[in-house]
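S.K.: Please see the structure below; I have some questions.
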Amino acid sequence: MSQSTSSADVRKAILDQNKLQDRRKMLLNGFLLLLLLAAPFAVYPVFLMKILCFALFAVAFNLLFGFTGLLSFGHAAFLATGAYTTGYLLSNYSGLTTEVGIIAGTLVATLLGLAFALLSIRRQGIYFAMVTLALAQLVYFFFVQSEFTGGEDGVHGIPRGKLFGAIDLSDNMNMYYFVLTVFIACYLLVQRIVSSPYGQVLKAIKQNEPRAVSLGYNVDRYKILAFVISAGLTGLAGSMKSVVFQLASLNDAHWHMSGEVILMTLVGGMGTLLGPVIGSTFVVNVEYQLSQGPLRDWVDPILGGIFVLTVLAFRSGIVGEIQKFMRKNLG
Amino acid sequence: MSMIFGVPLAVLSGQLLIGIINGAFYALLSLGLAVIFGLLKIINFAHGAMYMLGALVTVVLFNTLGINYWVALFMAPILVGAFGILIEYFLLRRIAGQDHIYSLLLTFGVALIIQGVLTNVYGVSGLRYAMPDMFKGGFNLDFMYLPYYRAWVIFVALLVCFGTWFMIEKTKLGSYLRAGTEDSQLMQGFGINVPLLVSLTYGFGVALAAFAGVLAAPIYSVTPTMGSNTLIVVFAVVVIGGMGSIGGAIITGILMGVIEGLTKTFYPPASSAVIFLVMVVVLMFRPNGLFGKEA
C-alpha cells in the first residue's frame, strides 16, 4: 500500500516537473514570437529576412546533421537550386505569382535532394561528407556552365511580385511577415517531425545505427526521407532568399556556403531545435559587424577561429551549453 | 599533321601531358590524405592549405633569403610538416576520442584561418616563382615538345609516390603504421609510442602536400587560395579510388588527371566537372571505390 502511494507520488512529481518545463518552454516561445513580430519596427527588415532565411537553412540542415547524425557538406547545392529555379521562373514568366515560383524552387531542390540521397546514403560519417561535397561541386560546375544562371553574374533583378496575386511583396514589411510566416511554419514542421515516432527512429539511428538495423528498421529509407526533407526546406530557404534580395548567384552554390551552415548549426547547438536559429543570427551578425569595421578583410579567418574554438571547447553550442547549465542548476 | 579523332596529335599529346602532370599532383595529394586517414581516421580538410603553404614557403624563402629550388624542395616540406605536427599536437589531439566528424570540422576551420590570414598578407593576385635555370628548355620529341621541368615533375612525383607506398606496405615502420590503424590500444600495449606515431604520420602526410606545393610553384600561379579548389577535386579522387588503399590513391590520381586532360581536348566545357561525373558513376556501381575494401 505504502509502496503504491510513493510510486504515485513520484509519478505526480514527474508530471509536475514536466508541466513546469512545458510552461517555461511556452513562455520562451511566446516571448520569441513577440520579438519576431515586433522586430521589423526596430531593425532593418531586409537584414532580419536575411537572418530568417539563413535560420531556415540551418534548421533544415540540423534535421539531418543534428538529429540524424549525417554531416552533409553539400547543402549549398540545394540552397542555390532553390534560388536559381525561383529566380529564373519569376524573371522569365511574368504571369507567375511569387508563391508559385517559390514552390517550384522547393520542389526542384527536393528532387535534387532525392538524387543526392540515393547516391550517398550507403556511405557513413566523413565519407558521406566527402561524397555530398563532391556532388555539390558537380552542381556548382553545372550552374557555372549553364546559361540560365547568368554565369559569374548571377540572376539579377528578380521581381518580388505579388503573393497570391494580391499582396505586394515589394513592400519590405509585407515581405518580412511573409518570410516570417513561412519560417515559423517550417520550424513547427521540423519540431513535429523530431518529436514524432519517425523522429525518434532518426535519433536512434544517430545514436546507434547497427542497433536500429537489428531492431528491424530499414535505416536507409529513414535516412533518405530525412535527407529529402532537409534538402527541400533548404531549397525553400534559397527560394525565399532569392526573392528577398532579388538575386541568385554562384555564392549560394559555393562550398563555402555549405561550410557556413555547418558553422551556424554548430555554434548554435546541433541537435537542438532553437540552436540553428540562434547560431545563424549570431553568424550573420558577426559577419555584418565585421564587414562594417576595420576588420572587414578578416571575416574568413575570424569565422575559422570561431569554428576551431567551437569544436575544441563548446561542441554542444550556445543552446546546448545553456541546457546543460539549466539541467545542472535548475533541475 | 597527323590527326586522331579529328584532333591534331600535338594538341592531344599536349593535353595528355598536362593531364599526367595534374594527375601527378592529384596522386601526391590524395596519397597524403590516404596516409593521414589511414592512421588518424581524419579527413584533413587543411590539406589544400598545406599544399598552398608548400608553394608559398618556396616563393618566400627565395624572395627573402635567396634560398634556391633544390634546398626548398627539402626545406618547405620539413617546415610545413613541423607546422602540421604542431596542429596535431595542440588541436587535433584534444578531440581524438570524439566523432571523426569533429576533426574534419576542426581542420576546415584551420584551413579558413590559414587561407584568410595569408590572403590578407599576400593578396589574391598570385606570386611568380622563376623557373630554375637548369630546367629551361625541353626535349623535342617528334610529336610534341616536352619541357624539362614537366618531365622532372612527373619523374619525382612518381618516385615519391612509389617510395611512400613501399615504406608503408613493405617496411617495418610501415607495418607499425598499419598495425596502429587496426588496433592502436594493442600497439600501445606492445610498447609502441602511438601518440608519437600519430604526430609523425600527420606531419608526414602534410609534408607530402607541401612537397606537391614546391613542385607546383614554378608552373602554377602561387596564391593563398590555390589549394582550396584543388582539394575538392582530390576529395573526389579519394572517393573514386577508395579510402583504404594507398596504391589506389596513386593510380586513381594519375588516371583522373589523364581523363581530365582528354576531356579538355574533346569537350572542354565538361573538363572541370568530369572527375565528379566519374565519381557519381563509380559510386553507383562500386560504392567502396575502385580499390576500396568492403566497409
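Identifiers for the C-alpha cells are assigned positionally: chains receive A, B, ... in sequence, residues are indexed from 1 per chain, and ligands are indexed from 1 in the order shown.
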Among the residues of segment 39-226 of chain B, find those DSSP assigns to helix (DSSP H, G or I) from the backbone and print them as number ranges by chain.
M.R.: B: 39-40, 47-65, 69-90, 92-95, 100-122, 133-135, 148-170, 172-182, 184-189, 194-216, 226
S.K.: Could you list, as a ChimeraX atom specification, the residues of chain B having an atom within 10 Å of chain A when counting only C-alpha atoms?
M.R.: /B:41-43,91-92,94-95,99-120,228-229,232-240,242-243,269-277,279-281,283-284,287-288,295
S.K.: Between B:Gly247, B:Pro268, B:Gly32, B:Gly241, which one has atoms that come closest to Gly205 of chain B, using only C-alpha atoms?
M.R.: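 Going through B:Gly247, B:Pro268, B:Gly32, B:Gly241 one by one, the smallest distance to Gly205 of chain B is for B:Gly32.
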S.K.: If we count only C-alpha atoms and set the cut-off at 12 Å, which residues sit around Leu215 of chain B, ignoring sequence neighbours fewer than 3 positions away in its own chain? Please answer as a ChimeraX atom specification.
M.R.: /B:21-22,24-25,28-29,51-52,54-59,69-70,72-74,76-77,129,131-132,149-157,160,208-212,218-222
S.K.: With N, CA and C atoms retained, export the selected residues as a compact mmCIF listing (two decimals), in the first residue's frame.
M.R.:
```
# COMPACT_ATOMS: atom_id res chain seq x y z
N ILE B 21 50.54 15.49 -65.64
CA ILE B 21 51.15 16.33 -64.60
C ILE B 21 50.13 16.65 -63.51
N ASN B 22 48.92 17.07 -63.93
CA ASN B 22 47.87 17.29 -62.93
C ASN B 22 47.63 16.01 -62.14
N ALA B 24 49.76 13.73 -61.48
CA ALA B 24 50.84 13.52 -60.51
C ALA B 24 50.56 14.32 -59.24
N PHE B 25 50.03 15.55 -59.40
CA PHE B 25 49.68 16.34 -58.22
C PHE B 25 48.52 15.70 -57.45
N LEU B 28 49.92 12.79 -55.49
CA LEU B 28 50.66 13.18 -54.29
C LEU B 28 49.71 13.64 -53.18
N LEU B 29 48.72 14.44 -53.58
CA LEU B 29 47.81 15.00 -52.57
C LEU B 29 46.89 13.92 -51.99
N TYR B 51 49.25 22.31 -49.03
CA TYR B 51 49.79 22.32 -50.39
C TYR B 51 50.16 23.75 -50.77
N MET B 52 49.22 24.67 -50.49
CA MET B 52 49.46 26.08 -50.79
C MET B 52 50.64 26.61 -49.97
N GLY B 54 53.20 24.99 -48.92
CA GLY B 54 54.44 24.49 -49.51
C GLY B 54 54.91 25.39 -50.63
N ALA B 55 53.96 25.77 -51.53
CA ALA B 55 54.32 26.62 -52.65
C ALA B 55 54.73 28.02 -52.17
N LEU B 56 53.95 28.54 -51.21
CA LEU B 56 54.19 29.90 -50.73
C LEU B 56 55.53 29.99 -49.99
N VAL B 57 55.81 28.99 -49.17
CA VAL B 57 57.08 28.98 -48.44
C VAL B 57 58.24 28.98 -49.43
N THR B 58 58.10 28.21 -50.51
CA THR B 58 59.14 28.16 -51.53
C THR B 58 59.41 29.55 -52.10
N VAL B 59 58.32 30.25 -52.45
CA VAL B 59 58.47 31.58 -53.02
C VAL B 59 59.08 32.54 -52.01
N TYR B 69 65.73 26.49 -55.37
CA TYR B 69 64.72 25.47 -55.55
C TYR B 69 65.08 24.16 -54.86
N TRP B 70 66.35 23.73 -55.01
CA TRP B 70 66.71 22.40 -54.52
C TRP B 70 66.65 22.33 -53.00
N ALA B 72 64.77 24.33 -51.18
CA ALA B 72 63.36 24.48 -50.83
C ALA B 72 62.63 23.14 -50.95
N LEU B 73 63.06 22.34 -51.91
CA LEU B 73 62.42 21.04 -52.13
C LEU B 73 62.45 20.19 -50.85
N PHE B 74 63.49 20.41 -50.03
CA PHE B 74 63.54 19.70 -48.74
C PHE B 74 63.02 20.55 -47.60
N ALA B 76 60.88 23.23 -47.47
CA ALA B 76 59.46 23.55 -47.39
C ALA B 76 58.65 22.39 -46.78
N PRO B 77 58.84 21.15 -47.26
CA PRO B 77 58.08 20.06 -46.64
C PRO B 77 58.42 19.89 -45.16
N TYR B 129 57.12 32.55 -59.41
CA TYR B 129 58.36 31.92 -58.99
C TYR B 129 59.14 31.57 -60.24
N MET B 131 61.43 29.89 -62.88
CA MET B 131 61.86 28.53 -63.16
C MET B 131 63.37 28.41 -62.93
N PRO B 132 63.83 27.40 -62.18
CA PRO B 132 65.28 27.24 -62.03
C PRO B 132 65.96 27.12 -63.40
N TYR B 149 61.16 20.71 -67.13
CA TYR B 149 60.59 20.77 -65.78
C TYR B 149 59.40 19.82 -65.63
N ARG B 150 58.58 19.76 -66.67
CA ARG B 150 57.39 18.88 -66.58
C ARG B 150 57.82 17.42 -66.48
N ALA B 151 58.86 17.08 -67.25
CA ALA B 151 59.37 15.71 -67.17
C ALA B 151 59.86 15.42 -65.76
N TRP B 152 60.54 16.40 -65.17
CA TRP B 152 61.06 16.26 -63.80
C TRP B 152 59.92 16.07 -62.80
N VAL B 153 58.85 16.86 -62.96
CA VAL B 153 57.72 16.76 -62.02
C VAL B 153 57.14 15.35 -62.06
N ILE B 154 56.92 14.85 -63.27
CA ILE B 154 56.33 13.52 -63.39
C ILE B 154 57.24 12.47 -62.75
N PHE B 155 58.56 12.60 -63.06
CA PHE B 155 59.53 11.63 -62.55
C PHE B 155 59.56 11.64 -61.02
N VAL B 156 59.72 12.82 -60.43
CA VAL B 156 59.94 12.88 -58.98
C VAL B 156 58.65 12.58 -58.22
N ALA B 157 57.51 12.99 -58.79
CA ALA B 157 56.24 12.70 -58.11
C ALA B 157 56.00 11.20 -58.05
N VAL B 160 58.36 9.65 -55.45
CA VAL B 160 57.91 9.86 -54.07
C VAL B 160 56.69 8.99 -53.76
N LEU B 208 53.92 15.73 -47.51
CA LEU B 208 53.68 15.30 -48.90
C LEU B 208 52.92 16.39 -49.67
N ALA B 209 51.92 16.99 -49.00
CA ALA B 209 51.17 18.06 -49.64
C ALA B 209 52.07 19.24 -49.94
N ALA B 210 52.94 19.59 -48.96
CA ALA B 210 53.85 20.71 -49.15
C ALA B 210 54.83 20.43 -50.29
N PHE B 211 55.27 19.17 -50.38
CA PHE B 211 56.17 18.77 -51.46
C PHE B 211 55.50 19.01 -52.82
N ALA B 212 54.24 18.62 -52.92
CA ALA B 212 53.48 18.89 -54.15
C ALA B 212 53.45 20.39 -54.40
N PRO B 218 56.80 26.61 -59.62
CA PRO B 218 57.26 27.21 -60.87
C PRO B 218 56.25 27.15 -62.02
N ILE B 219 55.24 26.28 -61.95
CA ILE B 219 54.35 26.17 -63.11
C ILE B 219 52.95 26.71 -62.87
N TYR B 220 52.51 26.80 -61.62
CA TYR B 220 51.20 27.39 -61.37
C TYR B 220 51.39 28.73 -60.69
N SER B 221 50.38 29.59 -60.81
CA SER B 221 50.43 30.86 -60.09
C SER B 221 50.20 30.58 -58.60
N VAL B 222 51.09 31.10 -57.76
CA VAL B 222 51.03 30.81 -56.32
C VAL B 222 50.13 31.84 -55.63
```
S.K.: Using only C-alpha atoms, which residues sit within 10 Å of segment 182-198 of chain B once same-chain residues fewer than 5 positions away are excluded, as a compact mmCIF listing (two decimals) with N, CA and C atoms, in the first residue's frame?
M.R.:
```txt
# COMPACT_ATOMS: atom_id res chain seq x y z
N ILE B 36 47.14 10.01 -43.88
CA ILE B 36 46.58 10.60 -42.65
C ILE B 36 45.31 9.88 -42.24
N GLY B 38 44.48 6.88 -42.92
CA GLY B 38 44.78 5.51 -42.51
C GLY B 38 45.01 5.38 -41.02
N LEU B 39 45.86 6.21 -40.45
CA LEU B 39 46.18 6.04 -39.04
C LEU B 39 45.29 6.88 -38.12
N LEU B 40 44.93 8.11 -38.57
CA LEU B 40 44.24 9.01 -37.66
C LEU B 40 42.73 9.01 -37.87
N ILE B 85 52.67 19.08 -37.40
CA ILE B 85 52.82 18.38 -36.13
C ILE B 85 52.31 19.26 -34.98
N GLU B 88 48.62 19.06 -34.99
CA GLU B 88 48.17 17.78 -34.45
C GLU B 88 48.28 17.79 -32.93
N TYR B 89 49.43 18.29 -32.44
CA TYR B 89 49.71 18.22 -31.01
C TYR B 89 48.79 19.13 -30.21
N ARG B 93 44.79 16.56 -31.26
CA ARG B 93 44.91 15.59 -30.18
C ARG B 93 43.81 15.78 -29.14
N LEU B 173 58.55 -0.08 -40.28
CA LEU B 173 57.85 1.13 -39.84
C LEU B 173 56.43 1.14 -40.39
N TYR B 176 54.16 -1.06 -38.50
CA TYR B 176 53.67 -0.43 -37.28
C TYR B 176 52.48 0.49 -37.59
N LEU B 177 52.65 1.26 -38.67
CA LEU B 177 51.59 2.19 -39.05
C LEU B 177 50.29 1.43 -39.31
N GLY B 203 52.35 14.80 -39.66
CA GLY B 203 53.40 15.64 -40.22
C GLY B 203 53.85 15.15 -41.59
N PHE B 204 53.98 13.83 -41.73
CA PHE B 204 54.44 13.27 -43.00
C PHE B 204 53.40 13.50 -44.10
```
S.K.: Take atom CA of Leu9 of chain B and atom CA of Thr263 of chain B and report the distance between them in Å, one decimal.
M.R.: 14.8 Å
S.K.: Kindly indicate which residue among B:Glu169, B:Tyr267, B:Thr225, B:Phe162 lies nearest to Ala27 of chain B, using only C-alpha atoms for the distances.
M.R.: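 Using only C-alpha atoms, the shortest distance to Ala27 of chain B belongs to B:Phe162.
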S.K.: Separation of atom CA of Cys161 of chain B and atom CA of Met256 of chain B, in Å?
M.R.: 15.7 Å
S.K.: List the spatial neighbours of Ile318 of chain A as a list in words - criterion: any atom at most 8 Å away, only C-alpha atoms, same-chain residues fewer than 5 positions off excluded.
M.R.: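 Within the cut-off, the hits are Val267, Gly268, Gly269, Gly275, Ile278 and Gly279 of chain A.
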